[in-house]
Amino acid sequence: MPSVLGLFFPLVQFSLLIGCAALTALAQPPPTSATPAERAFRELTDGAGRSIKVPARIERIVSLAPSMTETVFALGLQARLAGVTDHCDFPPEALALPKVGGGLTPSLERIVELKPDLVLATTLLNRRETVDSLDRLGVPAFSARDPQTVDDVLLEITSVASALGASDQGAALVAELRARLAALDQALAGRAPRRVLFIVWHDPLITIGRNTFIADALRRAGGLSVIDVEQDWPRISLEEVVRLDPEVLVFASSHSEGVRQTFESLAARPAWQGLTAVKNRQYAIISDAVNRPAPRLLAAIEELARQLHPAAFASPVKETPGARSEKQENGRAMQKEKPSCSR
Amino acid sequence: MQPLTAKRLGLICGGMVAVLIVIILFALKLGAVPISVADLAMLLFRRIAGAEEPLPTEYQMIVFNIRLPRILLSVLVGASLSVAGAGFQALLRNPLADPYVLGVSSGAALGAILALGAPSLLTPLAAFGGALAAIACVYLLGRRGGQLDSYTLLLAGIITASFLSALILFLMTTLPSRDTRGMAFWLMGDLSSSSPIPAGLLFLVMLVAIGAIYTTAADLNLLLSGEQEALHLGVDVPRVKLVVYLSASLLTALAVSVSGAIGFVGILVPHIIRLLFGSDYRVLIPTTAVGGAIVIVLADALARTVNAPNELPVGAITAMAGAPVFLYLLRRRLS
Amino acid sequence: MNPPPGTDMFVHDSTGIDRVGPGEVRLLLELASYAYHARDRAAPLFTLEATSLSAHQRQLVAILGANASGKSTLLRLMAGALAPLSGRVQLDGFEVSKLDPRTRAQRIALVQQESLLLFPVRVWEYVMQGRHPYGRGLRFETEEDAKVVESALAQVGALHLKPRWMHEISGGEKQRVVLARALAQQPLLLLLDEPTLHLDIGAQVDLLRQLRWLAEANRYTVVVVTHELNLAAEFADHVVLMHRGKSLRVGSPAEVYDRDLLEQVFGAALEVETGADGTPRVRVRGRLPSQA
C-alpha cells in the first residue's frame with residue numbers, strides 16, 4: 001500500500017518553509033539610499049562601552065526615558081527632540097511631543113518613523129533588548145551608564161551632552177550643578193548627618209540600597225540612609241526598621257497631600273508607633289525628581305537638605321534641640337515645603 | 001462520514017495555509033505606524049520584483065525589518081507551541097496538558113536568568129540549554145521500567161517545574177533589579193525583541209521536530225485509547241512515547257527560547273482544531289501547526305496595535321481572546 | 001445471527017498467513033511460567049507456575065479460576081505482552097513474545113474491558129483502529145480497510161452503529177464495537193479478558209454464542225477468561241482451571257469439572273451434575289444453615 005500521506009505532509013510543510021524563506025529573503029535590510037558623503041559621521045562610545053556611529057550634527061533625538069528628556073531640555077536642545085515616552089512629563093512642553101510608547105515597551109515602528117539620528121536610553125528604565133533591536137535596525141542608540149552616585153549622574157549628563165554635540169552647554173550646566181552642590185556642602189559643613197529611611201513604598205516596605213544614586217543624594221543632602229545593603233530596591237521588615245530606628249522618614253512624591261495621608265495612616269498602626277520618627281512626626285516630603293538621574297535631582301537634594309537641617313538655611317532662630325513642640329513645629333515646617341514638580 | 005483521504009487532507013491543509021497567508025498580509029498592515037493598504041501592496045510588489053522603491057526608507061524598514069521578522073517569529077512560535085501541546089496531550093493522555101507542564105519553560109527561564117550578565121546573543125542559547133537540561137532531567141525521573149511512564153512523567157514534570165519556578169523567583173528577588181526587569185517580560189511572553197539567531201535555522205529545527213511527531217500521528221490516535229490497547233494493536237509504544245516526548249519538548253524549548261512563555265496557545269489551539277476537524281492526529285498536527293501560527297500572528301498584531309504606541313504582552317492577548325473563542329465553539333458543538 | 005455471505009475475509013487461508021493445517025495445533029503453551037517482581041532481585045509478588053495447554057483452530061478455550069489466580073497473566077502470556085520466564089508460548093510455531101508488535105497485532109487480538117475515550121471518536125473510526133497493524137508508517141485507509149471494517153461490524157451485528165459517536169452508544173453496543181475492532185485485525189487468535197463481567201445472563205449467552213460462531217466461521221482460536229462456569233461448560237472445547245498461579249487441570253469441561261477440585265478453587269459448596277449430552281452443570285450444594 002503506497003504511503004500517499006507521505007506526499008502531502010511535506011507539500012504542506014514545504015509550502016510553509018518556502019513561503020517563510022521567501023519572506024525572510026524579503027526582509028534583507030534595504031540598500032542605503034543616502035550616499036554617505038552627504039553627512040559626516042563620528043564615532044562615540046556610550047555609557048555601556050558600546051561604539052556608535054552617529055551623524056556629525058544630531059538633528060533628531062528620541063528619548064526613551066524621562067530623565068533623558070529632562071536633560072535634553074536642560075541642555076537647551078529641546079527643538080531637536082523628535083519623540084519621547086509616555087512617561088516624560090517634565091517640563092510640561094514634553095507632554096506635547098510625539099510619543100513612542102513606554103520606556104520598557106516602546107514601539108520600534110514609531111521610533112523608526114521619527115528617523116532619529118540618536119536614541120537616548122538608560123540602563124535603569126530601558127531594556128537591553130530594545131537597544132539591541134535598535135542596533136540591528138541600524139538606528140544609533142546611546143545607552144547611559146547606570147549611575148551609582150550623584151557624581152555619576154553629572155558625568156552622564158556630560159557624556160550625553162558630548163554625544164549630542166553640545167559639550168559647551170553640557171559643561172556649563174554641570175558647572176552650575178556642581179556649584180550648587182559645593183554650596184550645599186559648605187552649608188552642611190560640620191553638621192552630623194541625620195539618620196533617614198527613604199521609603200519607596202510603604203506596603204510592602206521597600207527602600208533603596210547603598211549602590212543607588214538616591215542613597216548618595218541623601219548623603220549630599222545631609223542624611224544617611226540607615227539601610228546598607230547591596231540590593232538596589234530591598235524589601236525590609238518593620239522589625240529591622242524599628243531596630244535601626246531612623247530619625248526621619250523621607251518620601252518622594254508629586255502629591256504631598258497623598259503622602260501626608262499615607263503618613264497618618266502609618267502612624268495609626270501600632271507596629272509603626274514604636275519608631276522615633278513616627279512619635280516625633282519627623283518626615284520629609286521631596287519631589288519625585290530624586291528618582292530621576294537628571295539635572296532636577298539637585299533641586300530635590302536641596303529641598304531635602306533644607307528639611308533635614310533647617311538651621312543651616314533658615315534665618316537664625318534659637319532652637320532647643322529635643323523639645324517636642326519644636327519638633328512638631330519642624331514637622332509642620334517640613335510639610336509646608338511644596339515639591340517642585342509640575343504634575 | 002468519510003475516511004481520511006490524501007485529497008481531503010491536502011484540501012484542509014491548503015485551506016489553512018491560505019488563511020495563514022491572508023492573516024500575515026493583514027498583520028503586515030497593522031502596527032503603530034499607519035501604512036495604507038495601497039502603500040503596503042506597492043512595497044511588497046516592488047520588493048519582490050526587485051524594483052526601485054520611491055517610498056521613504058522608514059516605511060521599508062518598518063514593514064520588512066520590524067513587522068515581517070516579528071510575524072515570522074510568530075508563525076514559528078505559534079506552530080511550535082500548538083503542535084507541542086497536541087503531542088503532550090497524547091503522550092500524557094490528558095486533555096489539560098500544555099507545553100509547559102513538563103517543566104521545559106521553567107528550565108528555559110532559569111537558563112535565561114543565569115545568562116543575564118552576558119551579551120544578549122547568549123540569552124536564547126542559554127534558555128535553550130536550560131530547556132534541554134530540564135528535558136533530560138524530567139526524562140530520567142519520568143522513567144519506569146526503562147521506558148517513559150505517563151503518570152510518573154507528569155509527576156516528574158510538575159515537580160521539576162515547581163522547583164525551578166521557586167528557584168527563579170528567588171533569583172529574581174535577589175539579583176539587582178536592573179537585570180531582572182527584562183525577565184518579567186520574558187516570563188509573560190514577548191515577541192518585541194528581534195532574535196539574533198537566523199530565522200531560517202529556527203524554522204528548520206521546527207520542521208524536523210514537527211516531522212518527527214508526524215511520523216507517529218497514526219500511532220498517537222491509538223495511544224489515546226490506552227498504552228496496552230495500542231500495544232496490542234501493533235504500536236511500538238516505547239519508541240513512540242520517546243519520539244513524541246523529545247520532539248514536543250524540543251518544539252517547546254525552541255518557542256520559549258525565542259519568545260518566553262506565551263500561555264494558552266499550547267492547550268487551546270489543539271482543542272479548537274479538534275472541534276473543527278476532529279481528533280485524528282494525521283489531520284490535527286498540520287492543522288494545529290498552522291492554526292497556532294494564525295493565532296499568534298493575530299495576537300501579536302493586536303499586541304502592538306491596540307494600545308499603540310505601547311506594546312502589550314502577547315500572552316495577555318492570547319489568554320483574553322482564546323478562552324471565549326473556545327467556549328463559543330464548545331457550546332456550538334454541544335448544542 | 002447468520003453470517004452475511006462472503007465474509008471469508010476473516011479466514012486466513014485466503015491471505016496465506018495460515019501456516020498450520022486444520023488438524024495441527026495452533027496455540028501451544030509448554031510449561032510456560034511467569035513471575036511479577038516489584039523490584040529486581042526481590043521476591044516475586046506473584047508467580048504463574050509452568051502451564052501447558054494446546055488448542056486448534058475453531059476451538060474455544062475458557063480460563064476459569066478465582067480472582068488473582070493468574071488468569072489475566074496467562075492471557076497476557078498468550079498475547080505476547082509478557083515473555084515467559086521458562087517454557088514456550090507459540091502461535092503457529094512462532095514464539096509470540098518474540099514477534100514485533102506489528103506482526104503480533106496481525107495475528108493476535110486482545111479484547112479488554114473499558115477502553116479509555118479521551119476525545120470523541122466515531123464507531124467506524126474506532127473499528128478502523130484495528131486496521132493499524134496493516135499500514136506502514138503514515139498511511140490512509142484503503143477501500144480494503146473500509147470493507148473489512150464494514151464486515152467486522154456486520155459480523156457482530158453493529159453495522160447500524162457505524163456513523164454514531166462512541167460515547168453515545170450503550171454499554172452493550174460498545175462491547176460489540178470493541179469486538180468488531182478485534183475482528184478487523186483479522187487475527188488467528190482472539191483473546192477476551194472477562195467479557196461477561198457486566199452482562200446479564202441473556203447478553204452473556206449471546207456473546208458466547210457469537211464467539212463460538214466466530215470461531216467456526218473465521219476459524220479462530222478463541223480464548224476467554226470468565227467466571228461463568230456453566231457457560232464455559234456449554235461453549236468451550238477446553239477449560240483451564242487456575243488456582244493461585246497454578247493450572248490445576250486442563251481438559252474438556254467434563255474432565256475438569258470435578259466437584260472436589262471446584263470446591264478447592266472457589267471455596268464454596270458445589271455440586272456437579274452431568275447433562276444428557278455430557279455437558280457438566282454446576283449447582284450450589286445444600287441449603288443455607290437456617291433452612292436445614
# chains A, B, ... in the order shown; residues from 1 in each chain; ligands from 1
call {"tool": "interface_residues", "arguments": {"of": "chain B", "to": "chain C", "cutoff": "10 Å", "atoms": "only C-alpha atoms", "output": "PyMOL selection string"}}
result
chain B and resi 1-6+9+89-90+93-95+145+214-219+221-237+271+274-275+278-280+282
call {"tool": "write_last_selection", "arguments": {"atoms": "C-alpha atoms", "output": "PDB file, in the first residue's frame"}}
result
ATOM      1  CA  MET B   1     -18.572  10.185   7.414  1.00  0.00           C
ATOM      2  CA  GLN B   2     -15.720   9.518   5.102  1.00  0.00           C
ATOM      3  CA  PRO B   3     -12.379   8.020   5.951  1.00  0.00           C
ATOM      4  CA  LEU B   4      -9.483  10.374   5.603  1.00  0.00           C
ATOM      5  CA  THR B   5      -8.053  10.557   2.126  1.00  0.00           C
ATOM      6  CA  ALA B   6      -5.000  12.277   0.780  1.00  0.00           C
ATOM      7  CA  LEU B   9      -6.039  16.242   3.904  1.00  0.00           C
ATOM      8  CA  GLN B  89      -1.905  15.751  25.268  1.00  0.00           C
ATOM      9  CA  ALA B  90      -1.462  12.428  23.519  1.00  0.00           C
ATOM     10  CA  ARG B  93      -3.368  11.098  27.722  1.00  0.00           C
ATOM     11  CA  ASN B  94      -4.574  14.276  29.335  1.00  0.00           C
ATOM     12  CA  PRO B  95      -6.610  16.942  27.558  1.00  0.00           C
ATOM     13  CA  GLY B 145      10.965   0.001  33.947  1.00  0.00           C
ATOM     14  CA  TYR B 214       4.022  13.488  12.393  1.00  0.00           C
ATOM     15  CA  THR B 215       5.555  10.108  11.673  1.00  0.00           C
ATOM     16  CA  THR B 216       3.816   8.869  14.804  1.00  0.00           C
ATOM     17  CA  ALA B 217       0.484  10.510  14.043  1.00  0.00           C
ATOM     18  CA  ALA B 218      -1.382   7.281  13.276  1.00  0.00           C
ATOM     19  CA  ASP B 219       0.130   5.679  16.375  1.00  0.00           C
ATOM     20  CA  ASN B 221      -4.578   8.045  17.597  1.00  0.00           C
ATOM     21  CA  LEU B 222      -4.318   4.603  19.142  1.00  0.00           C
ATOM     22  CA  LEU B 223      -2.167   5.673  22.061  1.00  0.00           C
ATOM     23  CA  LEU B 224      -5.024   7.847  23.207  1.00  0.00           C
ATOM     24  CA  SER B 225      -7.069   4.714  23.893  1.00  0.00           C
ATOM     25  CA  GLY B 226      -4.504   3.418  26.299  1.00  0.00           C
ATOM     26  CA  GLU B 227      -0.995   2.063  26.138  1.00  0.00           C
ATOM     27  CA  GLN B 228      -1.938  -1.587  26.499  1.00  0.00           C
ATOM     28  CA  GLU B 229      -4.508  -1.317  23.758  1.00  0.00           C
ATOM     29  CA  ALA B 230      -2.119   0.497  21.495  1.00  0.00           C
ATOM     30  CA  LEU B 231       0.494  -2.158  22.134  1.00  0.00           C
ATOM     31  CA  HIS B 232      -1.915  -4.897  21.205  1.00  0.00           C
ATOM     32  CA  LEU B 233      -2.845  -3.048  18.073  1.00  0.00           C
ATOM     33  CA  GLY B 234       0.727  -3.054  16.888  1.00  0.00           C
ATOM     34  CA  VAL B 235       2.076   0.263  18.124  1.00  0.00           C
ATOM     35  CA  ASP B 236       5.708   0.307  19.242  1.00  0.00           C
ATOM     36  CA  VAL B 237       4.715   2.177  22.358  1.00  0.00           C
ATOM     37  CA  HIS B 271      -8.755  21.776  21.232  1.00  0.00           C
ATOM     38  CA  ARG B 274     -10.275  19.260  17.262  1.00  0.00           C
ATOM     39  CA  LEU B 275     -13.655  20.910  17.432  1.00  0.00           C
ATOM     40  CA  GLY B 278     -11.755  16.041  14.637  1.00  0.00           C
ATOM     41  CA  SER B 279      -9.183  14.222  16.738  1.00  0.00           C
ATOM     42  CA  ASP B 280      -7.337  12.323  14.047  1.00  0.00           C
ATOM     43  CA  ARG B 282      -2.900  12.888  10.939  1.00  0.00           C
TER      44      ARG B 282
END
call {"tool": "closest_atom_pairs", "arguments": {"of": "chain B", "to": "chain A", "cutoff": "8 Å", "atoms": "only C-alpha atoms", "output": "JSON lines"}}
result
{"residue": "B:Ala6", "atom": "CA", "partner": "A:Leu5", "partner_atom": "CA", "distance": 5.9}
{"residue": "B:Leu9", "atom": "CA", "partner": "A:Phe8", "partner_atom": "CA", "distance": 7.7}
{"residue": "B:Gly10", "atom": "CA", "partner": "A:Phe8", "partner_atom": "CA", "distance": 6.2}
{"residue": "B:Cys13", "atom": "CA", "partner": "A:Val12", "partner_atom": "CA", "distance": 6.3}
{"residue": "B:Gly14", "atom": "CA", "partner": "A:Val12", "partner_atom": "CA", "distance": 6.8}
{"residue": "B:Val17", "atom": "CA", "partner": "A:Leu16", "partner_atom": "CA", "distance": 7.5}
{"residue": "B:Gly31", "atom": "CA", "partner": "A:Glu109", "partner_atom": "CA", "distance": 7.5}
{"residue": "B:Ala32", "atom": "CA", "partner": "A:Glu109", "partner_atom": "CA", "distance": 6.3}
{"residue": "B:Val33", "atom": "CA", "partner": "A:Arg110", "partner_atom": "CA", "distance": 6.0}
{"residue": "B:Arg47", "atom": "CA", "partner": "A:Leu26", "partner_atom": "CA", "distance": 6.8}
{"residue": "B:Ile48", "atom": "CA", "partner": "A:Leu26", "partner_atom": "CA", "distance": 7.1}
{"residue": "B:Thr57", "atom": "CA", "partner": "A:Pro30", "partner_atom": "CA", "distance": 7.6}
{"residue": "B:Glu58", "atom": "CA", "partner": "A:Glu113", "partner_atom": "CA", "distance": 5.6}
{"residue": "B:Tyr59", "atom": "CA", "partner": "A:Glu113", "partner_atom": "CA", "distance": 7.3}
{"residue": "B:Gln60", "atom": "CA", "partner": "A:Pro30", "partner_atom": "CA", "distance": 7.3}
{"residue": "B:Met61", "atom": "CA", "partner": "A:Pro29", "partner_atom": "CA", "distance": 7.4}
{"residue": "B:Ile62", "atom": "CA", "partner": "A:Glu109", "partner_atom": "CA", "distance": 5.7}
{"residue": "B:Phe64", "atom": "CA", "partner": "A:Ala27", "partner_atom": "CA", "distance": 4.7}
{"residue": "B:Asn65", "atom": "CA", "partner": "A:Ala27", "partner_atom": "CA", "distance": 5.7}
{"residue": "B:Ile66", "atom": "CA", "partner": "A:Glu109", "partner_atom": "CA", "distance": 6.9}
{"residue": "B:Leu68", "atom": "CA", "partner": "A:Ala27", "partner_atom": "CA", "distance": 6.8}
{"residue": "B:Pro69", "atom": "CA", "partner": "A:Ala27", "partner_atom": "CA", "distance": 7.0}
{"residue": "B:Leu72", "atom": "CA", "partner": "A:Cys20", "partner_atom": "CA", "distance": 6.9}
{"residue": "B:Ser120", "atom": "CA", "partner": "A:Glu129", "partner_atom": "CA", "distance": 7.3}
{"residue": "B:Thr174", "atom": "CA", "partner": "A:Gln231", "partner_atom": "CA", "distance": 7.0}
{"residue": "B:Leu175", "atom": "CA", "partner": "A:Gln231", "partner_atom": "CA", "distance": 7.2}
{"residue": "B:Pro176", "atom": "CA", "partner": "A:Gln231", "partner_atom": "CA", "distance": 5.8}
{"residue": "B:Ser177", "atom": "CA", "partner": "A:Asp232", "partner_atom": "CA", "distance": 6.6}
{"residue": "B:Arg178", "atom": "CA", "partner": "A:Leu124", "partner_atom": "CA", "distance": 5.9}
{"residue": "B:Arg181", "atom": "CA", "partner": "A:Arg127", "partner_atom": "CA", "distance": 7.5}
{"residue": "B:Gly182", "atom": "CA", "partner": "A:Arg127", "partner_atom": "CA", "distance": 6.0}
{"residue": "B:Ser193", "atom": "CA", "partner": "A:Glu129", "partner_atom": "CA", "distance": 5.7}
{"residue": "B:Ser194", "atom": "CA", "partner": "A:Ser133", "partner_atom": "CA", "distance": 5.9}
{"residue": "B:Ala199", "atom": "CA", "partner": "A:Thr24", "partner_atom": "CA", "distance": 7.5}
{"residue": "B:Gly200", "atom": "CA", "partner": "A:Ala21", "partner_atom": "CA", "distance": 6.6}
{"residue": "B:Phe203", "atom": "CA", "partner": "A:Leu17", "partner_atom": "CA", "distance": 7.3}
{"residue": "B:Leu207", "atom": "CA", "partner": "A:Gln13", "partner_atom": "CA", "distance": 7.4}
{"residue": "B:Pro286", "atom": "CA", "partner": "A:Phe9", "partner_atom": "CA", "distance": 7.7}
{"residue": "B:Arg304", "atom": "CA", "partner": "A:Ser107", "partner_atom": "CA", "distance": 7.6}
{"residue": "B:Ala308", "atom": "CA", "partner": "A:Gly101", "partner_atom": "CA", "distance": 7.0}
{"residue": "B:Pro309", "atom": "CA", "partner": "A:Gly101", "partner_atom": "CA", "distance": 4.5}
{"residue": "B:Asn310", "atom": "CA", "partner": "A:Gly101", "partner_atom": "CA", "distance": 4.3}
{"residue": "B:Glu311", "atom": "CA", "partner": "A:Thr105", "partner_atom": "CA", "distance": 5.5}
{"residue": "B:Leu312", "atom": "CA", "partner": "A:Thr105", "partner_atom": "CA", "distance": 7.8}
call {"tool": "select_by_dssp", "arguments": {"residues": "region 56-196 of chain A", "states": "helix (DSSP H, G or I)", "output": "number ranges by chain"}}
result
A: 66-74, 78-80, 92-96, 108-113, 128-136, 150-163, 167-187
call {"tool": "select_by_dssp", "arguments": {"residues": "region 137-205 of chain B", "states": "strand (DSSP E)", "output": "list in words"}}
result
Arg143, Arg144, Gln147 and Leu148 of chain B
call {"tool": "residues_around", "arguments": {"residues": "Ala319 (chain B)", "least_positions_apart": "2", "cutoff": "10 Å", "atoms": "only C-alpha atoms", "output": "list in words"}}
result
Ile262, Gly263, Phe264, Val265, Leu268, Ala299, Val314, Gly315, Ala316, Ile317, Ala321, Gly322, Ala323 and Pro324 of chain B
call {"tool": "write_last_selection", "arguments": {"atoms": "all heavy atoms", "output": "PDB file, in the first residue's frame"}}
result
ATOM      1  N   ILE B 262       4.670  32.044  26.299  1.00  0.00           N
ATOM      2  CA  ILE B 262       3.346  32.530  25.911  1.00  0.00           C
ATOM      3  C   ILE B 262       2.337  31.453  26.260  1.00  0.00           C
ATOM      4  O   ILE B 262       2.448  30.321  25.817  1.00  0.00           O
ATOM      5  CB  ILE B 262       3.300  32.820  24.402  1.00  0.00           C
ATOM      6  CG1 ILE B 262       4.319  33.901  24.070  1.00  0.00           C
ATOM      7  CG2 ILE B 262       1.913  33.255  23.989  1.00  0.00           C
ATOM      8  CD1 ILE B 262       4.367  34.258  22.618  1.00  0.00           C
ATOM      9  N   GLY B 263       1.361  31.819  27.050  1.00  0.00           N
ATOM     10  CA  GLY B 263       0.445  30.819  27.562  1.00  0.00           C
ATOM     11  C   GLY B 263      -0.774  30.617  26.677  1.00  0.00           C
ATOM     12  O   GLY B 263      -1.036  31.374  25.766  1.00  0.00           O
ATOM     13  N   PHE B 264      -1.501  29.556  26.941  1.00  0.00           N
ATOM     14  CA  PHE B 264      -2.806  29.263  26.365  1.00  0.00           C
ATOM     15  C   PHE B 264      -2.776  28.701  24.962  1.00  0.00           C
ATOM     16  O   PHE B 264      -3.681  27.982  24.567  1.00  0.00           O
ATOM     17  CB  PHE B 264      -3.728  30.489  26.373  1.00  0.00           C
ATOM     18  CG  PHE B 264      -4.289  30.763  27.729  1.00  0.00           C
ATOM     19  CD1 PHE B 264      -3.611  31.594  28.606  1.00  0.00           C
ATOM     20  CD2 PHE B 264      -5.436  30.154  28.145  1.00  0.00           C
ATOM     21  CE1 PHE B 264      -4.105  31.811  29.880  1.00  0.00           C
ATOM     22  CE2 PHE B 264      -5.948  30.391  29.410  1.00  0.00           C
ATOM     23  CZ  PHE B 264      -5.275  31.217  30.275  1.00  0.00           C
ATOM     24  N   VAL B 265      -1.758  29.054  24.190  1.00  0.00           N
ATOM     25  CA  VAL B 265      -1.770  28.574  22.803  1.00  0.00           C
ATOM     26  C   VAL B 265      -1.670  27.057  22.761  1.00  0.00           C
ATOM     27  O   VAL B 265      -2.401  26.385  22.036  1.00  0.00           O
ATOM     28  CB  VAL B 265      -0.578  29.170  22.032  1.00  0.00           C
ATOM     29  CG1 VAL B 265      -0.608  28.733  20.600  1.00  0.00           C
ATOM     30  CG2 VAL B 265      -0.609  30.658  22.139  1.00  0.00           C
ATOM     31  N   LEU B 268      -5.090  25.570  24.078  1.00  0.00           N
ATOM     32  CA  LEU B 268      -6.345  25.947  23.441  1.00  0.00           C
ATOM     33  C   LEU B 268      -6.400  25.594  21.964  1.00  0.00           C
ATOM     34  O   LEU B 268      -7.389  25.058  21.480  1.00  0.00           O
ATOM     35  CB  LEU B 268      -6.586  27.452  23.586  1.00  0.00           C
ATOM     36  CG  LEU B 268      -7.169  27.892  24.905  1.00  0.00           C
ATOM     37  CD1 LEU B 268      -7.444  29.377  24.869  1.00  0.00           C
ATOM     38  CD2 LEU B 268      -8.445  27.139  25.201  1.00  0.00           C
ATOM     39  N   ALA B 299      -2.543  37.609  17.449  1.00  0.00           N
ATOM     40  CA  ALA B 299      -2.380  38.139  18.803  1.00  0.00           C
ATOM     41  C   ALA B 299      -1.247  39.151  18.856  1.00  0.00           C
ATOM     42  O   ALA B 299      -1.354  40.194  19.502  1.00  0.00           O
ATOM     43  CB  ALA B 299      -2.118  36.992  19.780  1.00  0.00           C
ATOM     44  N   VAL B 314       2.091  39.543  24.550  1.00  0.00           N
ATOM     45  CA  VAL B 314       1.286  38.670  23.704  1.00  0.00           C
ATOM     46  C   VAL B 314       0.480  37.686  24.536  1.00  0.00           C
ATOM     47  O   VAL B 314      -0.669  37.362  24.211  1.00  0.00           O
ATOM     48  CB  VAL B 314       2.202  37.881  22.736  1.00  0.00           C
ATOM     49  CG1 VAL B 314       1.396  36.979  21.864  1.00  0.00           C
ATOM     50  CG2 VAL B 314       3.013  38.839  21.918  1.00  0.00           C
ATOM     51  N   GLY B 315       1.078  37.208  25.632  1.00  0.00           N
ATOM     52  CA  GLY B 315       0.398  36.229  26.467  1.00  0.00           C
ATOM     53  C   GLY B 315      -0.936  36.728  26.987  1.00  0.00           C
ATOM     54  O   GLY B 315      -1.890  35.959  27.119  1.00  0.00           O
ATOM     55  N   ALA B 316      -1.020  38.037  27.262  1.00  0.00           N
ATOM     56  CA  ALA B 316      -2.282  38.567  27.770  1.00  0.00           C
ATOM     57  C   ALA B 316      -3.360  38.479  26.697  1.00  0.00           C
ATOM     58  O   ALA B 316      -4.508  38.128  26.967  1.00  0.00           O
ATOM     59  CB  ALA B 316      -2.086  40.018  28.199  1.00  0.00           C
ATOM     60  N   ILE B 317      -2.991  38.792  25.458  1.00  0.00           N
ATOM     61  CA  ILE B 317      -3.966  38.751  24.371  1.00  0.00           C
ATOM     62  C   ILE B 317      -4.447  37.329  24.142  1.00  0.00           C
ATOM     63  O   ILE B 317      -5.652  37.086  23.988  1.00  0.00           O
ATOM     64  CB  ILE B 317      -3.347  39.293  23.073  1.00  0.00           C
ATOM     65  CG1 ILE B 317      -2.720  40.651  23.306  1.00  0.00           C
ATOM     66  CG2 ILE B 317      -4.385  39.319  21.975  1.00  0.00           C
ATOM     67  CD1 ILE B 317      -3.602  41.809  23.056  1.00  0.00           C
ATOM     68  N   ALA B 321      -8.382  36.429  24.554  1.00  0.00           N
ATOM     69  CA  ALA B 321      -9.160  36.106  23.368  1.00  0.00           C
ATOM     70  C   ALA B 321      -9.432  34.621  23.247  1.00  0.00           C
ATOM     71  O   ALA B 321     -10.477  34.204  22.752  1.00  0.00           O
ATOM     72  CB  ALA B 321      -8.429  36.594  22.126  1.00  0.00           C
ATOM     73  N   GLY B 322      -8.481  33.811  23.683  1.00  0.00           N
ATOM     74  CA  GLY B 322      -8.591  32.382  23.450  1.00  0.00           C
ATOM     75  C   GLY B 322      -9.747  31.733  24.176  1.00  0.00           C
ATOM     76  O   GLY B 322     -10.476  30.917  23.612  1.00  0.00           O
ATOM     77  N   ALA B 323      -9.910  32.100  25.428  1.00  0.00           N
ATOM     78  CA  ALA B 323     -10.925  31.421  26.223  1.00  0.00           C
ATOM     79  C   ALA B 323     -12.342  31.609  25.676  1.00  0.00           C
ATOM     80  O   ALA B 323     -13.072  30.634  25.509  1.00  0.00           O
ATOM     81  CB  ALA B 323     -10.829  31.888  27.669  1.00  0.00           C
ATOM     82  N   PRO B 324     -12.763  32.831  25.372  1.00  0.00           N
ATOM     83  CA  PRO B 324     -14.131  32.971  24.849  1.00  0.00           C
ATOM     84  C   PRO B 324     -14.335  32.247  23.519  1.00  0.00           C
ATOM     85  O   PRO B 324     -15.398  31.661  23.294  1.00  0.00           O
ATOM     86  CB  PRO B 324     -14.270  34.487  24.636  1.00  0.00           C
ATOM     87  CG  PRO B 324     -13.242  35.116  25.463  1.00  0.00           C
ATOM     88  CD  PRO B 324     -12.123  34.146  25.584  1.00  0.00           C
TER      89      PRO B 324
END
call {"tool": "residues_around", "arguments": {"residues": "Ser167 (chain A)", "least_positions_apart": "5", "cutoff": "10 Å", "atoms": "only C-alpha atoms", "output": "mmCIF file with N, CA and C atoms, in the first residue's frame"}}
result
data_model
loop_
_atom_site.group_PDB
_atom_site.id
_atom_site.type_symbol
_atom_site.label_atom_id
_atom_site.label_comp_id
_atom_site.auth_asym_id
_atom_site.auth_seq_id
_atom_site.Cartn_x
_atom_site.Cartn_y
_atom_site.Cartn_z
ATOM 1 N N LEU A 75 19.684 71.097 28.539
ATOM 2 C CA LEU A 75 20.793 71.498 27.676
ATOM 3 C C LEU A 75 20.339 72.483 26.602
ATOM 4 N N ILE A 157 25.455 63.244 32.436
ATOM 5 C CA ILE A 157 24.943 64.438 31.755
ATOM 6 C C ILE A 157 26.017 64.980 30.817
ATOM 7 N N THR A 158 27.241 64.983 31.299
ATOM 8 C CA THR A 158 28.337 65.453 30.454
ATOM 9 C C THR A 158 28.475 64.597 29.200
ATOM 10 N N SER A 159 28.437 63.278 29.391
ATOM 11 C CA SER A 159 28.671 62.433 28.214
ATOM 12 C C SER A 159 27.492 62.489 27.259
ATOM 13 N N VAL A 160 26.270 62.616 27.779
ATOM 14 C CA VAL A 160 25.128 62.778 26.873
ATOM 15 C C VAL A 160 25.290 64.070 26.086
ATOM 16 N N ALA A 161 25.676 65.131 26.786
ATOM 17 C CA ALA A 161 25.873 66.408 26.093
ATOM 18 C C ALA A 161 26.918 66.269 25.004
ATOM 19 N N SER A 162 28.002 65.574 25.332
ATOM 20 C CA SER A 162 29.056 65.394 24.344
ATOM 21 C C SER A 162 28.556 64.582 23.162
ATOM 22 N N ALA A 172 28.633 73.865 30.916
ATOM 23 C CA ALA A 172 28.048 74.969 31.687
ATOM 24 C C ALA A 172 27.023 74.440 32.679
ATOM 25 N N LEU A 173 26.160 73.554 32.202
ATOM 26 C CA LEU A 173 25.111 73.010 33.069
ATOM 27 C C LEU A 173 25.731 72.291 34.263
#
call {"tool": "atom_distance", "arguments": {"atom1": "CA of Ser192 (chain B)", "atom2": "CA of Leu121 (chain B)"}}
result
15.2 Å
call {"tool": "residues_around", "arguments": {"residues": "Ala253 (chain B)", "least_positions_apart": "6", "cutoff": "8 Å", "atoms": "only C-alpha atoms", "output": "short mmCIF file (atom, residue, chain, number, x, y, z; two decimals) with N, CA and C atoms, in the first residue's frame"}}
result
data_model
loop_
_atom_site.label_atom_id
_atom_site.label_comp_id
_atom_site.auth_asym_id
_atom_site.auth_seq_id
_atom_site.Cartn_x
_atom_site.Cartn_y
_atom_site.Cartn_z
N VAL B 104 9.62 22.40 30.81
CA VAL B 104 10.55 22.88 29.80
C VAL B 104 10.72 24.39 29.89
N SER B 105 9.60 25.10 30.06
CA SER B 105 9.72 26.56 30.06
C SER B 105 10.42 27.05 31.32
N ALA B 108 14.03 26.76 30.67
CA ALA B 108 14.47 27.82 29.76
C ALA B 108 14.58 29.14 30.50
N ALA B 127 18.80 29.95 27.22
CA ALA B 127 17.44 29.48 27.50
C ALA B 127 17.24 28.09 26.91
N PHE B 128 17.71 27.91 25.68
CA PHE B 128 17.58 26.62 25.03
C PHE B 128 18.34 25.56 25.82
N ALA B 131 16.47 24.63 28.82
CA ALA B 131 15.33 23.79 28.48
C ALA B 131 15.78 22.35 28.25
N LEU B 132 16.90 22.18 27.54
CA LEU B 132 17.40 20.83 27.29
C LEU B 132 17.74 20.13 28.59
#
